[in-house]
$ cat run_10.cif   # mmCIF, C-alpha atoms
data_entry
#
loop_
_atom_site.label_atom_id
_atom_site.label_comp_id
_atom_site.auth_asym_id
_atom_site.auth_seq_id
_atom_site.Cartn_x
_atom_site.Cartn_y
_atom_site.Cartn_z
CA MET L 23 -9.65 -0.30 -1.15
CA THR L 24 -8.57 -3.38 -3.10
CA ARG L 25 -10.50 -4.95 -5.94
CA ASN L 26 -10.92 -8.65 -6.60
CA SER L 27 -7.94 -9.99 -8.54
CA ALA L 28 -10.12 -11.24 -11.36
CA ALA L 29 -11.49 -7.74 -11.84
CA CYS L 30 -7.98 -6.36 -12.29
CA GLY L 31 -6.95 -8.46 -15.26
CA GLY L 32 -9.26 -7.17 -18.01
CA ALA L 33 -8.43 -5.10 -21.06
CA PHE L 34 -6.11 -2.10 -21.10
CA SER L 35 -7.83 0.99 -19.70
CA PRO L 36 -6.97 4.04 -21.84
CA ASP L 37 -9.06 6.31 -19.60
CA GLU L 38 -7.15 5.20 -16.50
CA ALA L 39 -3.80 5.64 -18.27
CA ARG L 40 -4.82 9.04 -19.63
CA ARG L 41 -5.96 10.22 -16.21
CA PHE L 42 -2.72 9.09 -14.61
CA LEU L 43 -0.39 10.49 -17.27
CA SER L 44 -2.25 13.80 -17.24
CA HIS L 45 -1.48 14.11 -13.53
CA LEU L 46 2.21 13.45 -14.19
CA HIS L 47 2.39 15.68 -17.25
CA GLY L 48 0.89 18.52 -15.25
CA ALA L 49 2.09 21.84 -16.55
CA GLY L 50 3.79 20.19 -19.51
CA GLY L 51 7.25 18.86 -20.11
CA VAL L 52 8.64 15.58 -21.35
CA LEU L 53 8.19 12.09 -19.92
CA GLU L 54 9.99 8.87 -20.79
CA LEU L 55 8.08 5.61 -21.24
CA ARG L 56 10.27 2.57 -20.62
CA LEU L 57 10.00 -1.20 -21.09
CA PRO L 58 12.62 -2.76 -18.78
CA LYS L 59 14.09 -6.10 -19.87
CA HIS L 60 11.27 -7.18 -22.14
CA GLY L 61 10.94 -9.92 -24.74
CA PRO L 62 13.03 -13.08 -25.18
CA TYR L 63 16.30 -11.12 -25.38
CA LYS L 64 15.52 -8.89 -22.40
CA PHE L 65 16.11 -5.64 -24.25
CA THR L 66 15.10 -2.33 -22.69
CA GLY L 67 12.69 -0.23 -24.73
CA SER L 68 12.34 3.54 -24.36
CA GLY L 69 10.70 6.60 -25.86
CA TYR L 70 10.10 10.25 -24.96
CA PHE L 71 6.72 11.97 -25.00
CA ASP L 72 5.45 15.53 -24.81
CA ALA L 73 1.88 14.53 -25.68
CA VAL L 74 -0.27 12.52 -23.26
CA GLU L 75 -2.41 10.97 -25.99
CA ALA L 76 0.64 9.64 -27.84
CA ALA L 77 1.87 8.11 -24.57
CA VAL L 78 -1.50 6.42 -24.02
CA VAL L 79 -1.38 4.91 -27.52
CA ALA L 80 2.17 3.65 -26.95
CA ALA L 81 1.26 2.16 -23.58
CA ALA L 82 -1.71 0.36 -25.17
CA ARG L 83 0.54 -1.15 -27.83
CA TRP L 84 2.88 -2.70 -25.27
CA ASP L 85 0.40 -3.58 -22.54
CA GLY L 86 0.50 -7.31 -21.80
CA LYS L 87 3.73 -7.71 -23.79
CA ALA L 88 5.98 -5.81 -21.39
CA ASN L 89 5.81 -3.91 -18.13
CA VAL L 90 5.27 -0.26 -19.11
CA TYR L 91 6.89 2.36 -16.86
CA VAL L 92 7.09 6.16 -16.92
CA THR L 93 9.46 8.68 -15.35
CA LEU L 94 7.99 10.28 -12.27
CA ASN L 95 9.55 13.70 -12.88
CA PRO L 96 9.92 15.83 -16.06
CA VAL L 97 12.86 15.08 -18.34
CA ASN L 98 15.23 17.38 -20.23
CA PRO L 99 13.23 18.27 -23.40
CA SER L 100 16.27 17.72 -25.63
CA LEU L 101 15.92 13.95 -25.02
CA LEU L 102 12.85 13.98 -27.27
CA ALA L 103 15.35 13.60 -30.10
CA ARG L 104 16.06 10.02 -28.97
CA ALA L 105 12.54 8.89 -29.94
CA VAL L 106 9.73 11.44 -30.38
CA ASN L 107 6.36 10.24 -29.07
CA ARG L 108 7.18 6.60 -29.81
CA ILE L 109 8.93 3.70 -28.10
CA LEU L 110 12.03 2.04 -29.51
CA ASP L 111 11.93 -1.61 -28.51
CA ARG L 112 15.72 -1.60 -28.15
CA ALA L 113 17.03 1.70 -26.77
CA ASP L 114 20.66 2.74 -26.49
CA ALA L 115 20.10 5.08 -23.52
CA THR L 116 17.49 5.92 -20.91
CA THR L 117 16.96 8.78 -18.46
CA SER L 118 19.54 9.32 -15.71
CA ASP L 119 19.24 11.48 -12.58
CA GLY L 120 21.09 14.31 -14.30
CA ASP L 121 18.44 14.43 -17.05
CA ILE L 122 15.64 15.40 -14.64
CA VAL L 123 14.54 19.04 -14.72
CA CYS L 124 13.01 19.20 -11.23
CA ARG L 125 11.14 17.08 -8.68
CA ARG L 126 7.37 17.29 -9.00
CA PHE L 127 6.30 14.22 -7.03
CA LEU L 128 7.00 12.41 -3.80
CA PHE L 129 6.56 8.67 -4.42
CA ILE L 130 5.73 6.58 -1.32
CA ASP L 131 5.76 2.97 -2.47
CA ILE L 132 4.47 0.25 -0.15
CA ASP L 133 5.60 -3.23 -1.16
CA ALA L 134 4.02 -6.46 -0.02
CA VAL L 135 6.77 -8.58 1.54
CA ARG L 136 7.35 -11.72 -0.56
CA ALA L 137 10.04 -13.55 -2.50
CA THR L 138 11.61 -11.64 -5.37
CA GLY L 139 10.44 -12.12 -8.94
CA ILE L 140 6.82 -13.04 -8.16
CA GLY L 141 3.52 -11.24 -7.83
CA SER L 142 1.65 -10.79 -4.57
CA THR L 143 -1.30 -12.74 -3.23
CA ASP L 144 -4.56 -10.98 -2.40
CA ASP L 145 -3.70 -11.19 1.29
CA GLU L 146 -0.21 -9.78 0.77
CA LEU L 147 -1.77 -6.98 -1.27
CA GLU L 148 -4.13 -6.31 1.62
CA GLU L 149 -1.15 -5.89 3.96
CA ALA L 150 0.23 -3.19 1.64
CA ARG L 151 -3.17 -1.52 1.42
CA ALA L 152 -3.43 -1.25 5.21
CA VAL L 153 -0.02 0.44 5.46
CA ALA L 154 -0.84 2.82 2.59
CA GLU L 155 -4.09 3.85 4.28
CA ALA L 156 -2.34 4.40 7.60
CA ILE L 157 0.33 6.61 6.01
CA ALA L 158 -2.22 8.65 4.06
CA GLU L 159 -4.27 9.19 7.20
CA PHE L 160 -1.21 10.14 9.24
CA LEU L 161 0.07 12.70 6.71
CA THR L 162 -3.26 14.34 5.96
CA ALA L 163 -3.84 14.68 9.71
CA GLN L 164 -0.68 16.80 9.75
CA GLY L 165 -2.09 19.11 7.10
CA TRP L 166 -0.76 17.44 3.97
CA PRO L 167 -3.08 17.60 0.94
CA GLN L 168 -4.89 14.51 -0.33
CA PRO L 169 -2.57 12.32 -2.46
CA ILE L 170 -3.11 10.14 -5.47
CA ILE L 171 -3.48 6.59 -4.14
CA ALA L 172 -2.91 3.77 -6.62
CA MET L 173 -2.73 -0.01 -6.66
CA SER L 174 0.44 -0.83 -8.58
CA GLY L 175 -0.35 -4.48 -9.32
CA ASN L 176 1.49 -5.97 -6.37
CA GLY L 177 1.32 -3.19 -3.80
CA PHE L 178 0.05 0.33 -3.20
CA TYR L 179 1.62 3.76 -3.44
CA LEU L 180 0.91 7.40 -2.68
CA LEU L 181 1.86 10.36 -4.88
CA PHE L 182 2.12 13.82 -3.36
CA LYS L 183 2.83 16.94 -5.40
CA ILE L 184 6.06 18.70 -4.41
CA ASP L 185 8.26 21.41 -5.91
CA LEU L 186 11.95 20.76 -5.34
CA PRO L 187 15.07 21.26 -7.43
CA ASN L 188 16.98 18.24 -8.67
CA ASP L 189 19.93 18.42 -6.29
CA GLU L 190 21.52 16.38 -3.51
CA ALA L 191 19.70 18.27 -0.78
CA ALA L 192 16.35 17.38 -2.32
CA ARG L 193 17.37 13.75 -2.72
CA GLY L 194 18.40 13.63 0.93
CA LEU L 195 15.12 15.20 2.00
CA VAL L 196 13.03 12.70 0.04
CA ALA L 197 15.14 9.83 1.40
CA GLY L 198 14.62 11.15 4.91
CA VAL L 199 10.83 11.28 4.50
CA LEU L 200 10.75 7.69 3.22
CA ALA L 201 13.00 6.46 6.04
CA ALA L 202 10.85 8.18 8.68
CA LEU L 203 7.63 6.73 7.29
CA GLY L 204 9.21 3.29 7.06
CA ALA L 205 10.36 3.48 10.67
CA ARG L 206 6.85 4.41 11.76
CA PHE L 207 4.66 2.17 9.60
CA ASN L 208 6.57 -0.88 8.35
CA THR L 209 5.11 -4.26 9.29
CA LEU L 210 6.32 -7.78 8.66
CA GLY L 211 3.86 -7.99 5.77
CA ALA L 212 4.44 -4.65 4.03
CA LYS L 213 7.21 -2.07 3.97
CA VAL L 214 7.89 1.39 2.61
CA ASP L 215 10.46 1.14 -0.19
CA THR L 216 13.25 3.49 0.90
CA THR L 217 15.27 2.99 -2.30
CA VAL L 218 13.05 5.11 -4.57
CA SER L 219 14.42 8.57 -3.75
CA ASN L 220 16.36 9.01 -7.01
CA ALA L 221 15.14 11.81 -9.30
CA SER L 222 14.86 9.59 -12.39
CA ARG L 223 12.62 7.06 -10.65
CA ILE L 224 10.20 5.21 -12.94
CA ILE L 225 6.80 3.83 -11.93
CA GLY L 226 4.29 1.62 -13.71
CA VAL L 227 1.78 3.31 -16.00
CA VAL L 228 -1.59 3.02 -14.32
CA GLY L 229 -4.08 1.06 -16.41
CA THR L 230 -1.45 -1.39 -17.67
CA LYS L 231 -0.88 -4.92 -16.45
CA LYS L 232 1.98 -5.54 -14.05
CA MET L 233 3.65 -8.85 -14.90
CA LYS L 234 6.12 -10.24 -12.40
CA GLY L 235 6.93 -13.92 -12.74
CA ASP L 236 4.31 -16.29 -14.12
CA ALA L 237 0.66 -15.63 -13.37
CA THR L 238 -0.91 -18.22 -11.07
CA ALA L 239 -4.31 -18.45 -9.40
CA GLU L 240 -2.73 -17.36 -6.12
CA ARG L 241 -0.39 -14.75 -7.63
CA PRO L 242 -2.14 -13.27 -10.68
CA HIS L 243 -0.97 -10.53 -13.01
CA ARG L 244 -3.11 -7.55 -12.00
CA ARG L 245 -3.95 -4.37 -13.86
CA SER L 246 -3.04 -1.26 -11.88
CA TYR L 247 -5.62 1.40 -11.12
CA ILE L 248 -6.09 4.68 -9.30
CA VAL L 249 -7.86 4.15 -6.00
CA SER L 250 -8.49 7.84 -5.34
CA ALA L 251 -7.26 11.19 -6.57
CA PRO L 252 -8.34 14.74 -5.73
CA ALA L 253 -9.69 16.95 -8.51
CA GLU L 254 -6.60 19.08 -8.05
CA LEU L 255 -3.40 18.05 -6.30
CA GLY L 256 -2.32 20.39 -3.54
CA LEU L 257 1.36 21.16 -3.01
CA VAL L 258 3.27 19.80 -0.01
CA PRO L 259 5.48 22.68 1.25
CA ARG L 260 9.12 21.91 1.84
CA ALA L 261 8.70 22.69 5.53
CA GLN L 262 6.21 19.84 5.90
CA LEU L 263 8.59 17.44 4.17
CA GLU L 264 11.38 18.53 6.51
CA ARG L 265 9.14 18.08 9.54
CA VAL L 266 8.41 14.44 8.66
CA ALA L 267 12.03 13.70 7.75
CA ALA L 268 13.20 15.15 11.07
CA ASP L 269 10.79 12.85 12.87
CA ARG L 270 12.72 9.76 11.82
CA GLU L 271 14.34 9.10 15.18
CA SER L 272 11.19 9.58 17.24
CA ALA L 273 9.19 7.53 14.72
CA GLY L 274 11.56 4.63 15.26
CA ASN L 275 11.38 4.98 19.03
CA ASP L 276 7.71 5.52 19.76
CA ARG L 277 5.87 5.23 16.42
CA GLY L 278 4.18 8.58 16.88
CA SER L 279 1.67 10.29 19.08
CA THR L 280 -1.47 8.48 20.15
CA SER L 281 -3.43 11.61 19.21
CA ARG L 282 -2.91 10.55 15.59
CA THR L 283 -3.55 6.87 16.14
CA PRO L 284 -3.81 4.94 12.86
CA HIS L 285 -4.59 1.68 14.75
CA GLY L 286 -5.97 0.78 18.14
CA ALA L 287 -4.18 -1.35 20.71
CA LEU L 288 -3.99 -4.94 19.51
CA THR L 289 -4.06 -6.21 23.10
CA ASP L 290 -7.50 -4.63 23.55
CA ILE L 291 -8.77 -6.62 20.58
CA LEU L 292 -7.27 -9.90 21.81
CA GLU L 293 -8.55 -9.48 25.35
CA ALA L 294 -12.03 -8.49 24.19
CA ALA L 295 -12.14 -11.68 22.13
CA GLY L 296 -10.96 -13.79 25.08
CA ILE L 297 -7.80 -14.93 23.28
CA GLU L 298 -4.97 -16.12 25.52
CA TYR L 299 -1.52 -14.83 24.56
CA ARG L 300 2.01 -14.25 25.80
CA GLU L 301 3.83 -11.01 25.03
CA GLN L 302 7.32 -11.02 23.49
CA PRO L 303 9.58 -7.95 23.68
CA PRO L 304 9.95 -5.90 20.46
CA ASP L 305 11.96 -7.59 17.72
CA ALA L 306 14.61 -6.01 15.46
CA ASN L 307 11.83 -4.37 13.40
CA GLY L 308 10.22 -2.86 16.49
CA VAL L 309 7.23 -5.23 16.41
CA THR L 310 5.86 -6.46 19.75
CA TRP L 311 4.55 -10.01 19.27
CA TYR L 312 1.67 -11.68 21.08
CA HIS L 313 2.09 -15.45 20.80
CA LEU L 314 -1.30 -17.13 20.85
CA HIS L 315 -2.00 -20.16 23.03
CA ARG L 316 -3.00 -22.10 19.92
CA CYS L 317 -2.31 -21.12 16.31
CA PRO L 318 -5.49 -21.26 14.17
CA PHE L 319 -3.66 -22.80 11.20
CA HIS L 320 -2.28 -26.09 12.54
CA GLU L 321 -2.78 -28.70 15.22
CA ASP L 322 0.85 -29.75 15.71
CA GLY L 323 3.58 -27.80 17.43
CA ARG L 324 3.91 -26.27 20.89
CA ASP L 325 1.69 -23.71 22.52
CA PHE L 326 2.49 -20.00 22.14
CA GLU L 327 4.61 -20.41 18.98
CA CYS L 328 2.77 -18.28 16.41
CA GLY L 329 0.82 -15.10 16.75
CA VAL L 330 0.07 -11.51 15.92
CA GLY L 331 2.02 -8.34 16.53
CA GLN L 332 1.95 -4.56 16.48
CA THR L 333 4.46 -1.75 16.32
CA LEU L 334 3.62 0.01 19.56
CA PRO L 335 1.93 2.14 20.55
CA ASP L 336 -0.28 2.59 17.50
CA GLY L 337 1.32 0.93 14.50
CA ALA L 338 -0.20 -1.45 11.95
CA TYR L 339 -0.95 -5.06 12.84
CA ALA L 340 0.98 -8.14 11.66
CA GLY L 341 0.68 -11.90 11.89
CA HIS L 342 3.13 -14.75 11.46
CA CYS L 343 2.90 -18.55 11.50
CA PHE L 344 6.08 -20.62 11.49
CA HIS L 345 4.52 -23.83 10.19
CA PRO L 346 3.90 -25.01 6.59
CA GLU L 347 0.13 -24.80 7.05
CA GLY L 348 0.44 -21.13 7.83
CA GLN L 349 3.09 -20.14 5.29
CA GLY L 350 2.46 -16.63 3.97
CA ARG L 351 -0.42 -16.00 6.34
CA GLY L 352 -0.36 -12.54 7.88
CA TRP L 353 -2.62 -10.32 9.92
CA GLN L 354 -5.61 -10.57 7.58
CA GLU L 355 -5.67 -14.38 7.81
CA PHE L 356 -5.24 -14.38 11.58
CA LYS L 357 -7.97 -11.77 11.85
CA ARG L 358 -10.43 -13.90 9.89
CA GLU L 359 -9.57 -17.20 11.58
CA LEU L 360 -9.76 -15.70 15.06
CA GLY L 361 -12.99 -13.83 14.34
CA LEU L 362 -11.47 -10.43 15.02
CA GLY L 363 -12.53 -7.11 13.48
CA GLY L 364 -12.01 -5.39 10.13
CA GLY L 365 -8.53 -3.86 10.37
CA GLY L 366 -9.47 -0.30 11.36
CA HIS L 367 -8.75 1.62 14.53
CA HIS L 368 -10.17 -0.77 17.14
CA ASP L 369 -11.79 -2.83 14.37
CA ARG L 370 -14.34 -4.52 16.57
CA ALA L 371 -17.61 -3.80 18.37
CA MET L 372 -16.61 -3.09 21.97
CA VAL L 373 -18.85 -3.38 25.03
CA SER L 374 -19.84 -0.27 26.93
CA ALA L 375 -20.21 0.04 30.70
CA ASP L 376 -23.92 -0.84 30.48
CA HIS L 377 -23.07 -3.99 28.48
CA ARG L 378 -24.49 -2.69 25.22
CA PRO L 379 -22.23 -2.97 22.13
CA ALA L 380 -20.29 0.25 21.44
CA ILE L 381 -18.88 0.74 17.95
CA VAL L 382 -15.99 3.11 17.23
CA ILE L 383 -16.92 5.42 14.35
CA THR L 384 -14.19 8.08 14.53
CA HIS L 385 -11.62 8.02 11.70
CA ARG L 386 -12.90 4.71 10.34
CA HIS L 387 -14.17 3.53 6.97
CA ARG L 388 -17.91 3.12 6.63
CA ARG L 389 -17.50 -0.50 5.53
CA ASP L 390 -15.72 -1.35 8.82
CA ILE L 391 -18.35 0.45 10.90
CA ALA L 392 -21.11 -1.42 9.02
CA GLU L 393 -19.31 -4.74 9.56
CA ASP L 394 -19.13 -4.11 13.32
CA ALA L 395 -22.79 -3.06 13.39
CA TRP L 396 -23.90 -6.27 11.70
CA ARG L 397 -21.71 -8.34 14.02
CA ALA L 398 -23.28 -6.67 17.07
CA LEU L 399 -26.77 -7.19 15.68
CA ILE L 400 -26.17 -10.87 14.96
CA ALA L 401 -24.70 -11.42 18.44
CA ALA L 402 -27.80 -9.89 20.04
CA ASN L 403 -30.19 -11.80 17.77
CA ASP L 404 -30.72 -14.78 20.15
CA PRO L 405 -33.45 -15.84 20.15
CA VAL L 406 -33.79 -14.84 16.52
CA ARG L 407 -35.79 -11.62 16.10
CA PHE L 408 -34.14 -9.80 13.23
CA PHE L 409 -33.83 -10.88 9.62
CA ARG L 410 -31.95 -9.36 6.71
CA HIS L 411 -34.13 -9.08 3.62
CA GLY L 412 -32.06 -7.69 0.73
CA ASN L 413 -30.66 -4.44 2.12
CA SER L 414 -33.36 -4.06 4.76
CA VAL L 415 -33.83 -5.32 8.29
CA ALA L 416 -37.18 -7.01 8.96
#

$ encode --input "run_10.cif" --output "structure tokens"
Amino acid sequence: MTRNSAACGGAFSPDEARRFLSHLHGAGGVLELRLPKHGPYKFTGSGYFDAVEAAVVAAARWDGKANVYVTLNPVNPSLLARAVNRILDRADATTSDGDIVCRRFLFIDIDAVRATGIGSTDDELEEARAVAEAIAEFLTAQGWPQPIIAMSGNGFYLLFKIDLPNDEAARGLVAGVLAALGARFNTLGAKVDTTVSNASRIIGVVGTKKMKGDATAERPHRRSYIVSAPAELGLVPRAQLERVAADRESAGNDRGSTSRTPHGALTDILEAAGIEYREQPPDANGVTWYHLHRCPFHEDGRDFECGVGQTLPDGAYAGHCFHPEGQGRGWQEFKRELGLGGGGHHDRAMVSADHRPAIVITHRHRRDIAEDAWRALIAANDPVRFFRHGNSVA
């Protein structure tokens, strides 16, 4: 789902911004564009828009100079009088919760876990991607419509269309959904942001560059983009929202039914790879850790110190190394160093009863299935009989 960082730092994409803002504008209404704490004096800029094209032009003007955000839900039309289809670089007031007309979107924001004030690494971004995919798969399996999925610059988020009033009951319902999803899917590397339930929530304009801290080779400033979006957003009924919110307690206890498994058992993967480990009881976050006999990132230290983990029975995978050589290395790094699979359900080529490789294809991405197929082919290619010539096998 992710793109290479270098590919995300090009010029402003008016088509991407237009596509995104058109989804938000929907049946009309007013949106606020905001520039939080920008420039040398850290002023907040703001403007109100009832025309998508004017908002695209304004976003293009400020892209790369400030982080450009937009209100998620429609704003009281009278606020157009503050600044009509333009952005004031120093605004006296911005949108509050009481200025929101209604709730049109459920925003599920998955943040890569890192220090504050800095961008994410590619690997941290990958942790957020994995959680976003798992949540999308889980919800659509329950009958939810396909969401907008976007890369925000440092994480991923899902947008579902809803129709709720702007009242305390709706805020509590949204907060309950976010808390339940966090309890079910949070990992040590990525977490659902449960603080974004306010009606006047702002999110980055897709197509603009997200700038957090200084850009470095490891933590670049990336340009956000839409990963996928249906031609028409379906509505999530209130009853479905209530069903997920009510599942908060059971999500925290058992992480859901195995009939909707977003990930296979991590122990199966470790044992199939012949990796020796010791199991640790679940930690405060509900993650069961499997300390590896030897950590792949350092030679010093004691045995069974670092390892990989999973929120049982079917949660996302995690990895953690306590030594300087492994600082910031999560599941994706452990997976690569240990020669494990591609992060899907059982993300590996298993062995069937007749000792032929068996590859799980149900509910998996084609790229992961192809990766397992190539791995099985290479393993069986001794003595060498098969060759890859371009995209063909010879």

$ atom_distance --input "run_10.cif" --atom1 "atom CA of Leu203 of chain L" --atom2 "atom CA of Ala191 of chain L"
18.5 Å

$ closest_residue --input "run_10.cif" --among "L:Val97, L:Leu161, L:Ile224, L:Ala212" --to "Ala340 of chain L" --atoms "all atoms listed in the file"
L:Ala212

$ closest_residue --input "run_10.cif" --among "L:Asp111, L:Asn89, L:Thr209, L:Ile248" --to "Ala39 of chain L" --atoms "all atoms listed in the file"
L:Ile248

$ resolve_selection --input "run_10.cif" --expression "the PyMOL selection byres ((chain L and resi 353) around 7)" --output "ChimeraX atom specification"
/L:330,339-341,352,354-357

$ atom_distance --input "run_10.cif" --atom1 "atom CA of Phe129 of chain L" --atom2 "atom CA of Leu180 of chain L"
6.0 Å
